[in-house]
file protein_18.json (JSON, C-alpha atoms)
[["chain", "number", "residue", "atom", "x", "y", "z"],
["J", 1, "MET", "CA", -13.01, -82.77, 43.66],
["J", 2, "GLN", "CA", -12.36, -81.01, 46.97],
["J", 3, "ASP", "CA", -12.30, -77.24, 46.80],
["J", 4, "VAL", "CA", -8.89, -75.68, 47.43],
["J", 5, "GLU", "CA", -8.87, -72.56, 49.55],
["J", 6, "PRO", "CA", -7.10, -69.64, 47.85],
["J", 7, "ALA", "CA", -3.67, -68.75, 49.23],
["J", 8, "LEU", "CA", -3.39, -65.63, 51.36],
["J", 9, "ASP", "CA", -1.91, -62.63, 49.59],
["J", 10, "TRP", "CA", 1.52, -61.91, 51.10],
["J", 11, "GLU", "CA", 1.19, -58.17, 50.49],
["J", 12, "ASN", "CA", -2.00, -58.14, 52.57],
["J", 13, "LEU", "CA", -0.17, -59.89, 55.41],
["J", 14, "ARG", "CA", 2.66, -57.36, 55.18],
["J", 15, "VAL", "CA", 0.13, -54.55, 55.42],
["J", 16, "PHE", "CA", -1.42, -56.22, 58.46],
["J", 17, "GLY", "CA", 2.00, -56.43, 60.15],
["J", 18, "ALA", "CA", 2.64, -52.71, 59.70],
["J", 19, "LEU", "CA", -0.86, -51.76, 60.86],
["J", 20, "HIS", "CA", -0.56, -53.93, 63.96],
["J", 21, "ARG", "CA", 2.76, -52.28, 64.83],
["J", 22, "HIS", "CA", 1.67, -48.69, 64.28],
["J", 23, "ARG", "CA", -2.09, -48.76, 64.96],
["J", 24, "SER", "CA", -2.70, -46.17, 62.25],
["J", 25, "PHE", "CA", -2.98, -46.05, 58.48],
["J", 26, "ALA", "CA", -0.80, -42.94, 58.23],
["J", 27, "ALA", "CA", 2.14, -44.38, 60.19],
["J", 28, "ALA", "CA", 1.97, -47.74, 58.39],
["J", 29, "ALA", "CA", 1.83, -45.91, 55.04],
["J", 30, "ARG", "CA", 5.08, -44.11, 55.89],
["J", 31, "GLU", "CA", 6.79, -47.41, 56.71],
["J", 32, "LEU", "CA", 5.59, -49.20, 53.57],
["J", 33, "ARG", "CA", 5.81, -46.11, 51.33],
["J", 34, "VAL", "CA", 2.31, -46.48, 49.93],
["J", 35, "ASP", "CA", -0.81, -44.38, 50.37],
["J", 36, "ALA", "CA", -3.25, -44.98, 53.22],
["J", 37, "THR", "CA", -6.10, -45.73, 50.82],
["J", 38, "THR", "CA", -4.19, -48.73, 49.43],
["J", 39, "LEU", "CA", -3.58, -50.00, 52.97],
["J", 40, "SER", "CA", -7.26, -49.71, 53.85],
["J", 41, "ARG", "CA", -8.22, -51.64, 50.72],
["J", 42, "ARG", "CA", -5.70, -54.40, 51.40],
["J", 43, "LEU", "CA", -6.80, -54.71, 55.02],
["J", 44, "THR", "CA", -10.38, -55.17, 53.88],
["J", 45, "GLN", "CA", -9.24, -57.86, 51.42],
["J", 46, "LEU", "CA", -7.41, -59.73, 54.20],
["J", 47, "GLU", "CA", -10.41, -59.53, 56.52],
["J", 48, "ASP", "CA", -12.60, -60.93, 53.72],
["J", 49, "GLU", "CA", -10.08, -63.73, 53.09],
["J", 50, "LEU", "CA", -9.96, -64.70, 56.76],
["J", 51, "GLY", "CA", -13.61, -64.03, 57.46],
["J", 52, "VAL", "CA", -12.86, -61.99, 60.61],
["J", 53, "LEU", "CA", -12.62, -58.37, 61.67],
["J", 54, "LEU", "CA", -9.00, -57.53, 62.46],
["J", 55, "PHE", "CA", -9.20, -53.89, 63.57],
["J", 56, "GLN", "CA", -11.81, -51.58, 64.99],
["J", 57, "ARG", "CA", -11.55, -48.32, 63.04],
["J", 58, "THR", "CA", -11.84, -45.32, 65.37],
["J", 59, "THR", "CA", -11.07, -41.60, 65.17],
["J", 60, "LEU", "CA", -8.04, -42.27, 67.41],
["J", 61, "GLY", "CA", -6.60, -44.99, 65.19],
["J", 62, "LEU", "CA", -6.85, -48.76, 64.84],
["J", 63, "THR", "CA", -7.63, -51.08, 67.75],
["J", 64, "PRO", "CA", -6.65, -54.74, 67.12],
["J", 65, "THR", "CA", -9.33, -57.33, 67.77],
["J", 66, "GLU", "CA", -8.65, -60.67, 69.48],
["J", 67, "ALA", "CA", -8.36, -62.24, 66.04],
["J", 68, "ALA", "CA", -5.64, -59.74, 65.07],
["J", 69, "ASP", "CA", -3.63, -60.35, 68.24],
["J", 70, "ALA", "CA", -3.95, -64.11, 67.71],
["J", 71, "ILE", "CA", -2.24, -64.01, 64.29],
["J", 72, "ALA", "CA", 0.19, -61.12, 64.90],
["J", 73, "ALA", "CA", 3.14, -63.23, 66.10],
["J", 74, "SER", "CA", 2.80, -65.64, 63.15],
["J", 75, "VAL", "CA", 2.66, -62.79, 60.64],
["J", 76, "GLN", "CA", 5.74, -61.20, 62.19],
["J", 77, "ARG", "CA", 7.65, -64.49, 61.88],
["J", 78, "ILE", "CA", 6.66, -64.69, 58.22],
["J", 79, "GLU", "CA", 7.82, -61.09, 57.68],
["J", 80, "ARG", "CA", 11.23, -61.85, 59.17],
["J", 81, "GLN", "CA", 11.65, -65.07, 57.21],
["J", 82, "VAL", "CA", 10.75, -63.33, 53.94],
["J", 83, "GLU", "CA", 13.20, -60.53, 54.67],
["J", 84, "LEU", "CA", 15.93, -63.02, 55.56],
["J", 85, "LEU", "CA", 15.25, -64.93, 52.33],
["J", 86, "ARG", "CA", 15.52, -61.76, 50.29],
["J", 87, "GLY", "CA", 18.79, -60.88, 51.99],
["J", 88, "GLU", "CA", 20.28, -64.31, 51.31],
["J", 89, "ALA", "CA", 19.14, -64.18, 47.70],
["J", 90, "ALA", "CA", 20.72, -60.76, 47.24],
["J", 91, "GLY", "CA", 24.03, -62.08, 48.54],
["J", 92, "LYS", "CA", 26.22, -61.20, 51.49],
["J", 93, "ASP", "CA", 27.65, -58.14, 49.69],
["J", 94, "ALA", "CA", 24.27, -56.40, 49.41],
["J", 95, "ALA", "CA", 24.26, -53.08, 51.26],
["J", 96, "PRO", "CA", 22.07, -53.13, 54.38],
["J", 97, "ARG", "CA", 19.11, -50.81, 53.96],
["J", 98, "GLY", "CA", 15.77, -50.03, 55.51],
["J", 99, "VAL", "CA", 14.37, -49.21, 58.94],
["J", 100, "VAL", "CA", 15.77, -50.56, 62.22],
["J", 101, "ARG", "CA", 13.83, -49.79, 65.41],
["J", 102, "LEU", "CA", 15.90, -49.67, 68.60],
["J", 103, "ALA", "CA", 14.32, -49.38, 72.06],
["J", 104, "ALA", "CA", 16.48, -47.92, 74.83],
["J", 105, "THR", "CA", 16.33, -45.49, 77.71],
["J", 106, "ALA", "CA", 16.57, -41.79, 76.91],
["J", 107, "GLU", "CA", 19.91, -41.46, 78.73],
["J", 108, "LEU", "CA", 21.59, -44.19, 76.70],
["J", 109, "VAL", "CA", 20.25, -42.77, 73.46],
["J", 110, "ASP", "CA", 21.08, -39.11, 74.15],
["J", 111, "ALA", "CA", 24.46, -39.47, 75.85],
["J", 112, "PHE", "CA", 25.84, -42.70, 74.41],
["J", 113, "LEU", "CA", 24.37, -43.56, 71.02],
["J", 114, "ILE", "CA", 23.45, -40.35, 69.21],
["J", 115, "PRO", "CA", 26.90, -38.69, 69.59],
["J", 116, "ARG", "CA", 28.45, -41.75, 67.90],
["J", 117, "TYR", "CA", 25.75, -42.60, 65.35],
["J", 118, "ALA", "CA", 27.39, -40.63, 62.51],
["J", 119, "ALA", "CA", 30.02, -43.36, 62.12],
["J", 120, "LEU", "CA", 27.34, -45.98, 61.40],
["J", 121, "ARG", "CA", 25.49, -43.63, 59.09],
["J", 122, "ALA", "CA", 28.68, -43.06, 57.09],
["J", 123, "ARG", "CA", 29.15, -46.82, 56.65],
["J", 124, "HIS", "CA", 25.54, -47.57, 55.74],
["J", 125, "PRO", "CA", 23.75, -44.49, 54.33],
["J", 126, "GLU", "CA", 20.73, -46.58, 53.28],
["J", 127, "LEU", "CA", 19.88, -47.40, 56.91],
["J", 128, "GLU", "CA", 17.18, -45.51, 58.80],
["J", 129, "LEU", "CA", 17.48, -45.86, 62.58],
["J", 130, "GLN", "CA", 14.29, -45.22, 64.55],
["J", 131, "LEU", "CA", 14.84, -44.72, 68.29],
["J", 132, "ILE", "CA", 12.10, -45.74, 70.71],
["J", 133, "THR", "CA", 12.92, -43.96, 73.94],
["J", 134, "GLY", "CA", 11.14, -43.71, 77.25],
["J", 135, "ASP", "CA", 10.36, -45.86, 80.24],
["J", 136, "ARG", "CA", 7.61, -47.98, 78.65],
["J", 137, "TYR", "CA", 8.36, -51.68, 78.23],
["J", 138, "VAL", "CA", 8.71, -52.51, 74.54],
["J", 139, "ASP", "CA", 7.61, -56.04, 73.62],
["J", 140, "LEU", "CA", 9.92, -57.69, 71.09],
["J", 141, "THR", "CA", 7.59, -60.66, 70.70],
["J", 142, "ARG", "CA", 4.84, -58.36, 69.40],
["J", 143, "GLY", "CA", 7.16, -56.73, 66.88],
["J", 144, "GLU", "CA", 7.27, -53.36, 68.66],
["J", 145, "ALA", "CA", 11.05, -53.10, 68.09],
["J", 146, "ASP", "CA", 13.85, -54.89, 66.25],
["J", 147, "LEU", "CA", 16.45, -54.41, 69.00],
["J", 148, "ALA", "CA", 16.17, -53.50, 72.67],
["J", 149, "ILE", "CA", 18.75, -52.47, 75.26],
["J", 150, "ARG", "CA", 17.66, -53.52, 78.75],
["J", 151, "PHE", "CA", 18.96, -53.45, 82.30],
["J", 152, "GLN", "CA", 19.15, -56.59, 84.44],
["J", 153, "LEU", "CA", 20.15, -57.35, 88.01],
["J", 154, "PRO", "CA", 23.69, -58.84, 88.15],
["J", 155, "GLY", "CA", 23.80, -62.62, 88.05],
["J", 156, "ARG", "CA", 20.21, -63.01, 86.86],
["J", 157, "GLY", "CA", 21.16, -63.87, 83.28],
["J", 158, "VAL", "CA", 19.21, -62.78, 80.21],
["J", 159, "PRO", "CA", 16.30, -60.39, 80.95],
["J", 160, "ALA", "CA", 13.75, -62.75, 79.40],
["J", 161, "ASP", "CA", 9.98, -62.41, 79.17],
["J", 162, "PRO", "CA", 8.33, -65.67, 80.31],
["J", 163, "ARG", "CA", 5.40, -64.95, 78.00],
["J", 164, "ALA", "CA", 7.60, -64.75, 74.90],
["J", 165, "THR", "CA", 6.42, -66.87, 71.99],
["J", 166, "ILE", "CA", 9.61, -66.48, 69.93],
["J", 167, "GLU", "CA", 13.28, -67.19, 70.46],
["J", 168, "VAL", "CA", 15.27, -64.11, 71.47],
["J", 169, "THR", "CA", 19.02, -63.67, 71.09],
["J", 170, "ALA", "CA", 20.80, -61.74, 73.82],
["J", 171, "GLN", "CA", 24.29, -60.35, 74.28],
["J", 172, "ARG", "CA", 25.68, -58.88, 77.49],
["J", 173, "LEU", "CA", 27.21, -55.48, 76.77],
["J", 174, "GLY", "CA", 28.68, -54.87, 80.21],
["J", 175, "ALA", "CA", 27.64, -53.45, 83.56],
["J", 176, "ILE", "CA", 26.73, -49.94, 84.64],
["J", 177, "ASP", "CA", 26.90, -48.35, 88.09],
["J", 178, "PHE", "CA", 24.31, -45.97, 89.47],
["J", 179, "ALA", "CA", 25.00, -43.17, 91.93],
["J", 180, "VAL", "CA", 23.09, -40.29, 93.52],
["J", 181, "TYR", "CA", 23.17, -36.85, 91.90],
["J", 182, "ALA", "CA", 21.78, -33.35, 92.20],
["J", 183, "SER", "CA", 22.09, -30.49, 89.75],
["J", 184, "ALA", "CA", 24.38, -27.57, 90.55],
["J", 185, "ALA", "CA", 21.33, -25.29, 90.44],
["J", 186, "TYR", "CA", 19.52, -27.41, 93.03],
["J", 187, "LEU", "CA", 22.53, -27.52, 95.36],
["J", 188, "LYS", "CA", 22.96, -23.76, 95.06],
["J", 189, "ARG", "CA", 19.45, -23.07, 96.31],
["J", 190, "ALA", "CA", 19.40, -25.84, 98.95],
["J", 191, "ARG", "CA", 19.91, -24.77, 102.56],
["J", 192, "ARG", "CA", 22.70, -27.28, 103.00],
["J", 193, "ARG", "CA", 24.62, -29.72, 100.84],
["J", 194, "PRO", "CA", 24.23, -33.44, 101.62],
["J", 195, "ARG", "CA", 27.30, -35.05, 103.21],
["J", 196, "ASP", "CA", 26.76, -38.29, 101.27],
["J", 197, "ALA", "CA", 24.25, -40.09, 99.09],
["J", 198, "HIS", "CA", 21.95, -40.91, 102.01],
["J", 199, "ASP", "CA", 22.04, -37.60, 103.89],
["J", 200, "VAL", "CA", 18.76, -36.37, 102.40],
["J", 201, "GLU", "CA", 16.80, -34.99, 105.37],
["J", 202, "GLY", "CA", 15.15, -31.74, 104.37],
["J", 203, "HIS", "CA", 15.92, -32.24, 100.66],
["J", 204, "ASP", "CA", 13.68, -32.69, 97.63],
["J", 205, "LEU", "CA", 13.87, -36.20, 96.18],
["J", 206, "VAL", "CA", 13.00, -37.75, 92.84],
["J", 207, "LEU", "CA", 11.55, -41.19, 93.58],
["J", 208, "PRO", "CA", 9.65, -43.97, 91.77],
["J", 209, "ARG", "CA", 5.87, -43.67, 91.61],
["J", 210, "ALA", "CA", 5.41, -47.12, 93.10],
["J", 211, "ALA", "CA", 7.54, -49.76, 94.80],
["J", 212, "ALA", "CA", 9.69, -51.07, 91.94],
["J", 213, "ALA", "CA", 12.59, -53.38, 92.76],
["J", 214, "TYR", "CA", 13.36, -53.67, 89.04],
["J", 215, "LEU", "CA", 14.28, -49.99, 88.70],
["J", 216, "PRO", "CA", 17.98, -49.10, 88.91],
["J", 217, "GLY", "CA", 18.58, -47.43, 92.26],
["J", 218, "SER", "CA", 15.96, -49.42, 94.17],
["J", 219, "PRO", "CA", 18.23, -49.97, 97.25],
["J", 220, "TRP", "CA", 18.60, -46.19, 97.58],
["J", 221, "PHE", "CA", 14.88, -45.59, 97.07],
["J", 222, "ALA", "CA", 14.05, -47.99, 99.92],
["J", 223, "ARG", "CA", 16.56, -46.41, 102.26],
["J", 224, "VAL", "CA", 15.61, -42.75, 101.78],
["J", 225, "GLU", "CA", 11.83, -43.14, 101.43],
["J", 226, "GLY", "CA", 10.23, -40.87, 104.04],
["J", 227, "ARG", "CA", 13.49, -39.16, 104.98],
["J", 228, "GLY", "CA", 13.21, -36.32, 102.49],
["J", 229, "ARG", "CA", 10.43, -34.63, 100.52],
["J", 230, "ALA", "CA", 9.18, -36.45, 97.42],
["J", 231, "ALA", "CA", 9.23, -33.60, 94.91],
["J", 232, "LEU", "CA", 8.39, -35.85, 91.95],
["J", 233, "ARG", "CA", 7.53, -39.51, 91.43],
["J", 234, "VAL", "CA", 8.27, -41.16, 88.07],
["J", 235, "ASP", "CA", 7.99, -44.55, 86.36],
["J", 236, "GLY", "CA", 11.51, -45.06, 85.06],
["J", 237, "PRO", "CA", 15.17, -44.06, 84.92],
["J", 238, "GLY", "CA", 14.77, -41.76, 81.93],
["J", 239, "SER", "CA", 12.24, -39.55, 83.67],
["J", 240, "MET", "CA", 14.32, -39.59, 86.85],
["J", 241, "SER", "CA", 17.44, -38.40, 85.04],
["J", 242, "ALA", "CA", 15.52, -35.62, 83.33],
["J", 243, "ALA", "CA", 14.10, -34.49, 86.67],
["J", 244, "VAL", "CA", 17.52, -34.45, 88.36],
["J", 245, "VAL", "CA", 19.13, -32.55, 85.47],
["J", 246, "GLY", "CA", 16.20, -30.13, 85.57],
["J", 247, "GLY", "CA", 16.98, -29.29, 89.20],
["J", 248, "LEU", "CA", 13.85, -30.77, 90.75],
["J", 249, "GLY", "CA", 15.71, -32.71, 93.41],
["J", 250, "ILE", "CA", 18.13, -35.50, 94.31],
["J", 251, "GLY", "CA", 17.90, -38.79, 92.42],
["J", 252, "VAL", "CA", 19.71, -41.75, 90.89],
["J", 253, "MET", "CA", 21.51, -41.64, 87.53],
["J", 254, "PRO", "CA", 23.94, -43.90, 85.63],
["J", 255, "THR", "CA", 27.56, -42.92, 86.32],
["J", 256, "MET", "CA", 28.90, -43.69, 82.83],
["J", 257, "LEU", "CA", 26.63, -41.09, 81.26],
["J", 258, "VAL", "CA", 27.08, -38.33, 83.82],
["J", 259, "GLU", "CA", 30.68, -38.16, 85.03],
["J", 260, "GLY", "CA", 32.43, -34.86, 84.25],
["J", 261, "ARG", "CA", 29.19, -32.97, 83.61],
["J", 262, "ASP", "CA", 26.44, -31.34, 85.62],
["J", 263, "PRO", "CA", 24.75, -32.73, 87.74],
["J", 264, "VAL", "CA", 27.00, -33.25, 90.75],
["J", 265, "ARG", "CA", 27.61, -36.67, 92.26],
["J", 266, "LEU", "CA", 26.92, -37.00, 96.00],
["J", 267, "GLY", "CA", 28.98, -39.27, 98.23],
["J", 268, "ALA", "CA", 32.34, -39.17, 96.42],
["J", 269, "ARG", "CA", 32.65, -42.56, 94.69],
["J", 270, "GLU", "CA", 29.65, -44.18, 96.39],
["J", 271, "VAL", "CA", 27.66, -46.56, 94.19],
["J", 272, "VAL", "CA", 24.06, -47.33, 95.18],
["J", 273, "ASP", "CA", 23.22, -49.93, 92.52],
["J", 274, "THR", "CA", 24.71, -51.89, 89.60],
["J", 275, "ARG", "CA", 22.92, -53.32, 86.57],
["J", 276, "GLU", "CA", 24.00, -55.42, 83.62],
["J", 277, "ILE", "CA", 23.22, -54.11, 80.14],
["J", 278, "TRP", "CA", 21.87, -56.56, 77.55],
["J", 279, "LEU", "CA", 21.12, -56.21, 73.85],
["J", 280, "LEU", "CA", 18.15, -58.30, 72.70],
["J", 281, "SER", "CA", 16.56, -59.11, 69.35],
["J", 282, "PRO", "CA", 14.23, -61.79, 67.92],
["J", 283, "ALA", "CA", 16.54, -64.63, 66.85],
["J", 284, "ASP", "CA", 15.48, -64.79, 63.21],
["J", 285, "LEU", "CA", 15.48, -61.00, 62.84],
["J", 286, "ALA", "CA", 19.00, -60.77, 64.28],
["J", 287, "ARG", "CA", 20.29, -62.44, 61.09],
["J", 288, "VAL", "CA", 18.74, -59.82, 58.81],
["J", 289, "ALA", "CA", 21.48, -57.56, 57.42],
["J", 290, "ARG", "CA", 20.00, -54.20, 58.45],
["J", 291, "VAL", "CA", 19.49, -55.37, 62.03],
["J", 292, "ARG", "CA", 22.80, -57.20, 62.21],
["J", 293, "VAL", "CA", 24.88, -54.13, 61.33],
["J", 294, "VAL", "CA", 23.15, -52.00, 63.98],
["J", 295, "ARG", "CA", 23.58, -54.74, 66.59],
["J", 296, "ASP", "CA", 27.27, -55.14, 65.72],
["J", 297, "PHE", "CA", 27.75, -51.37, 65.91],
["J", 298, "ILE", "CA", 26.26, -51.20, 69.42],
["J", 299, "VAL", "CA", 28.43, -54.12, 70.55],
["J", 300, "GLU", "CA", 31.46, -52.35, 69.09],
["J", 301, "LEU", "CA", 30.62, -49.14, 70.95],
["J", 302, "ALA", "CA", 30.13, -50.98, 74.23],
["J", 303, "SER", "CA", 33.46, -52.77, 73.83],
["J", 304, "ALA", "CA", 35.28, -49.52, 73.09],
["J", 305, "PHE", "CA", 33.61, -47.82, 76.05],
["J", 306, "ARG", "CA", 34.69, -50.59, 78.44],
["J", 307, "THR", "CA", 38.24, -50.37, 77.12]]

call {"tool": "encode", "arguments": {"input": "protein_18.json", "output": "C-alpha cells"}}
result
Amino acid sequence: MQDVEPALDWENLRVFGALHRHRSFAAAARELRVDATTLSRRLTQLEDELGVLLFQRTTLGLTPTEAADAIAASVQRIERQVELLRGEAAGKDAAPRGVVRLAATAELVDAFLIPRYAALRARHPELELQLITGDRYVDLTRGEADLAIRFQLPGRGVPADPRATIEVTAQRLGAIDFAVYASAAYLKRARRRPRDAHDVEGHDLVLPRAAAAYLPGSPWFARVEGRGRAALRVDGPGSMSAAVVGGLGIGVMPTMLVEGRDPVRLGAREVVDTREIWLLSPADLARVARVRVVRDFIVELASAFRT
C-alpha cells in the first residue's frame, strides 16, 4: 500500500501567514493573540512538515527564504478562503469583527479618514482598523494590506500591478486636484511672495528625490526644477505635504485636503495636476465581512464628499 503523506496543519499555515506579513514573532503574536513561543514551535513544525527552512532567524527579526516567498501567495489565498467560509457559515447577520489593514497616504488618513472614523466604529465596535501610512508601495498580492487607496493618472484605468498573482477588485472613488502651496510662516519670512504657482525664482522648493512621473504634481516639478532652491527632496506626496506644512518651502498638495486652512494656495485657482483615486482589495478578501464594511464606508465617505 502506498504511503499517504500527512495533511498540513492549518494552524501552522496560519502562523506562517502572520509571520510572513510581520517578519517578527512579537507582531505576529499580537495579531493571532497567542504567545511568541507557541508561534516559534508551530513554525518549526511546519518547516519539518515541508522539509525546508522558511525563515532566517536574526536579531532584527525574521527574513523569509525563497521557499517562504514561493508559498506565501498560496497560503494567503487559503487564509482568505477559510475566513470567507467562516463568515458564510456564521450567516449574513454576524457582526463584522477583527483587524482590517488599510494602506493610504498620510494626508488622506489624517485629514479625510480619521476625523470621520468614529461613525464606523460606532456601527461596528468589534472592528480594529490598522492604518498603513507613508509613501512606500504596499503590495496587496503579498498580503501586506487588506485595502489600499491609490492615485492614478486620469484615463489610465485601474492602477494594476502587472506582477500580481491574484485577482484584485477596484473601485474609482473620484478625482483629486493638486495645487501649489506654501505655509503662512514661510511666506512671512520670504523676501517676496510668488505671483503664481510657477513664479519660484529665489524660493525654497520641496521636490521629489528622483525623476518620478507617477508622483502627483510631476508637471510642476518638471517646470520649476532648477528655477528655485531645492530645500528638501522626498519620495512621496505624504512627505511633501508635511514639509510644506512645516514651512520648509513651496510644494504640491491635494486641494481637497487643504482648502480653508494653512498653508496658502499660490496662483488663485490654478491646478497643476489631477489624479484619480482608486480603492483596491484582493477579490476574495473583498467579500469578507470585516473588509467589506470598511470598503463600503470609504465609498460612502467619498460619495458624500463629492456631493

call {"tool": "closest_residue", "arguments": {"input": "protein_18.json", "among": "J:Glu107, J:Glu49, J:Asp139, J:Glu11", "to": "Val34 in chain J", "atoms": "all atoms listed in the file"}}
result
J:Glu11

call {"tool": "closest_residue", "arguments": {"input": "protein_18.json", "among": "J:Leu301, J:Ala68, J:Ala148, J:Leu248", "to": "Leu279 in chain J", "atoms": "all atoms listed in the file"}}
result
J:Ala148

call {"tool": "closest_residue", "arguments": {"input": "protein_18.json", "among": "J:Leu113, J:Arg80, J:Ser303, J:Val15", "to": "Arg41 in chain J", "atoms": "all atoms listed in the file"}}
result
J:Val15

call {"tool": "closest_atom_pairs", "arguments": {"input": "protein_18.json", "of": "range 118-185 of chain J", "to": "range 227-245 of chain J", "cutoff": "9 Å", "atoms": "only C-alpha atoms", "output": "JSON lines"}}
result
{"residue": "J:Thr133", "atom": "CA", "partner": "J:Gly238", "partner_atom": "CA", "distance": 8.5}
{"residue": "J:Gly134", "atom": "CA", "partner": "J:Gly238", "partner_atom": "CA", "distance": 6.2}
{"residue": "J:Asp135", "atom": "CA", "partner": "J:Gly236", "partner_atom": "CA", "distance": 5.0}
{"residue": "J:Arg136", "atom": "CA", "partner": "J:Gly236", "partner_atom": "CA", "distance": 8.1}
{"residue": "J:Tyr181", "atom": "CA", "partner": "J:Val244", "partner_atom": "CA", "distance": 7.1}
{"residue": "J:Ala182", "atom": "CA", "partner": "J:Val244", "partner_atom": "CA", "distance": 5.8}
{"residue": "J:Ser183", "atom": "CA", "partner": "J:Val245", "partner_atom": "CA", "distance": 5.6}
{"residue": "J:Ala184", "atom": "CA", "partner": "J:Val245", "partner_atom": "CA", "distance": 8.8}

call {"tool": "write_last_selection", "arguments": {"input": "protein_18.json", "atoms": "C-alpha atoms", "output": "compact mmCIF listing (two decimals), in the coordinates of the input"}}
result
# COMPACT_ATOMS: atom_id res chain seq x y z
CA THR J 133 12.92 -43.96 73.94
CA GLY J 134 11.14 -43.71 77.25
CA ASP J 135 10.36 -45.86 80.24
CA ARG J 136 7.61 -47.98 78.65
CA TYR J 181 23.17 -36.85 91.90
CA ALA J 182 21.78 -33.35 92.20
CA SER J 183 22.09 -30.49 89.75
CA ALA J 184 24.38 -27.57 90.55

call {"tool": "closest_residue", "arguments": {"input": "protein_18.json", "among": "J:Gly267, J:Val206, J:Ala289, J:Leu60", "to": "His124 in chain J", "atoms": "all atoms listed in the file"}}
result
J:Ala289

call {"tool": "residues_around", "arguments": {"input": "protein_18.json", "residues": "Ala302 in chain J", "least_positions_apart": "3", "cutoff": "12 Å", "atoms": "all atoms listed in the file", "output": "list in words"}}
result
Leu108, Phe112, Leu113, Arg116, Ile149, Gln171, Arg172, Leu173, Gly174, Ala175, Ile176, Met256, Ile277, Trp278, Leu279, Arg295, Asp296, Phe297, Ile298, Val299, Phe305, Arg306 and Thr307 of chain J

call {"tool": "axis_aligned_box", "arguments": {"input": "protein_18.json", "around": "range 53-66 of chain J", "padding_each_side": "4 Å", "output": "lines of an AutoDock Vina configuration file"}}
result
center_x = -9.6
center_y = -51.1
center_z = 65.6
size_x = 14.0
size_y = 27.1
size_z = 15.8

call {"tool": "closest_residue", "arguments": {"input": "protein_18.json", "among": "J:Thr63, J:Ser24, J:Ser218, J:Thr58", "to": "Asp273 in chain J", "atoms": "only C-alpha atoms"}}
result
J:Ser218

call {"tool": "closest_residue", "arguments": {"input": "protein_18.json", "among": "J:Gln76, J:Thr38, J:Thr44, J:Gln56", "to": "Arg21 in chain J", "atoms": "all atoms listed in the file"}}
result
J:Gln76

call {"tool": "atom_distance", "arguments": {"input": "protein_18.json", "atom1": "CA of Leu285 in chain J", "atom2": "CA of Ala70 in chain J"}}
result
20.3 Å
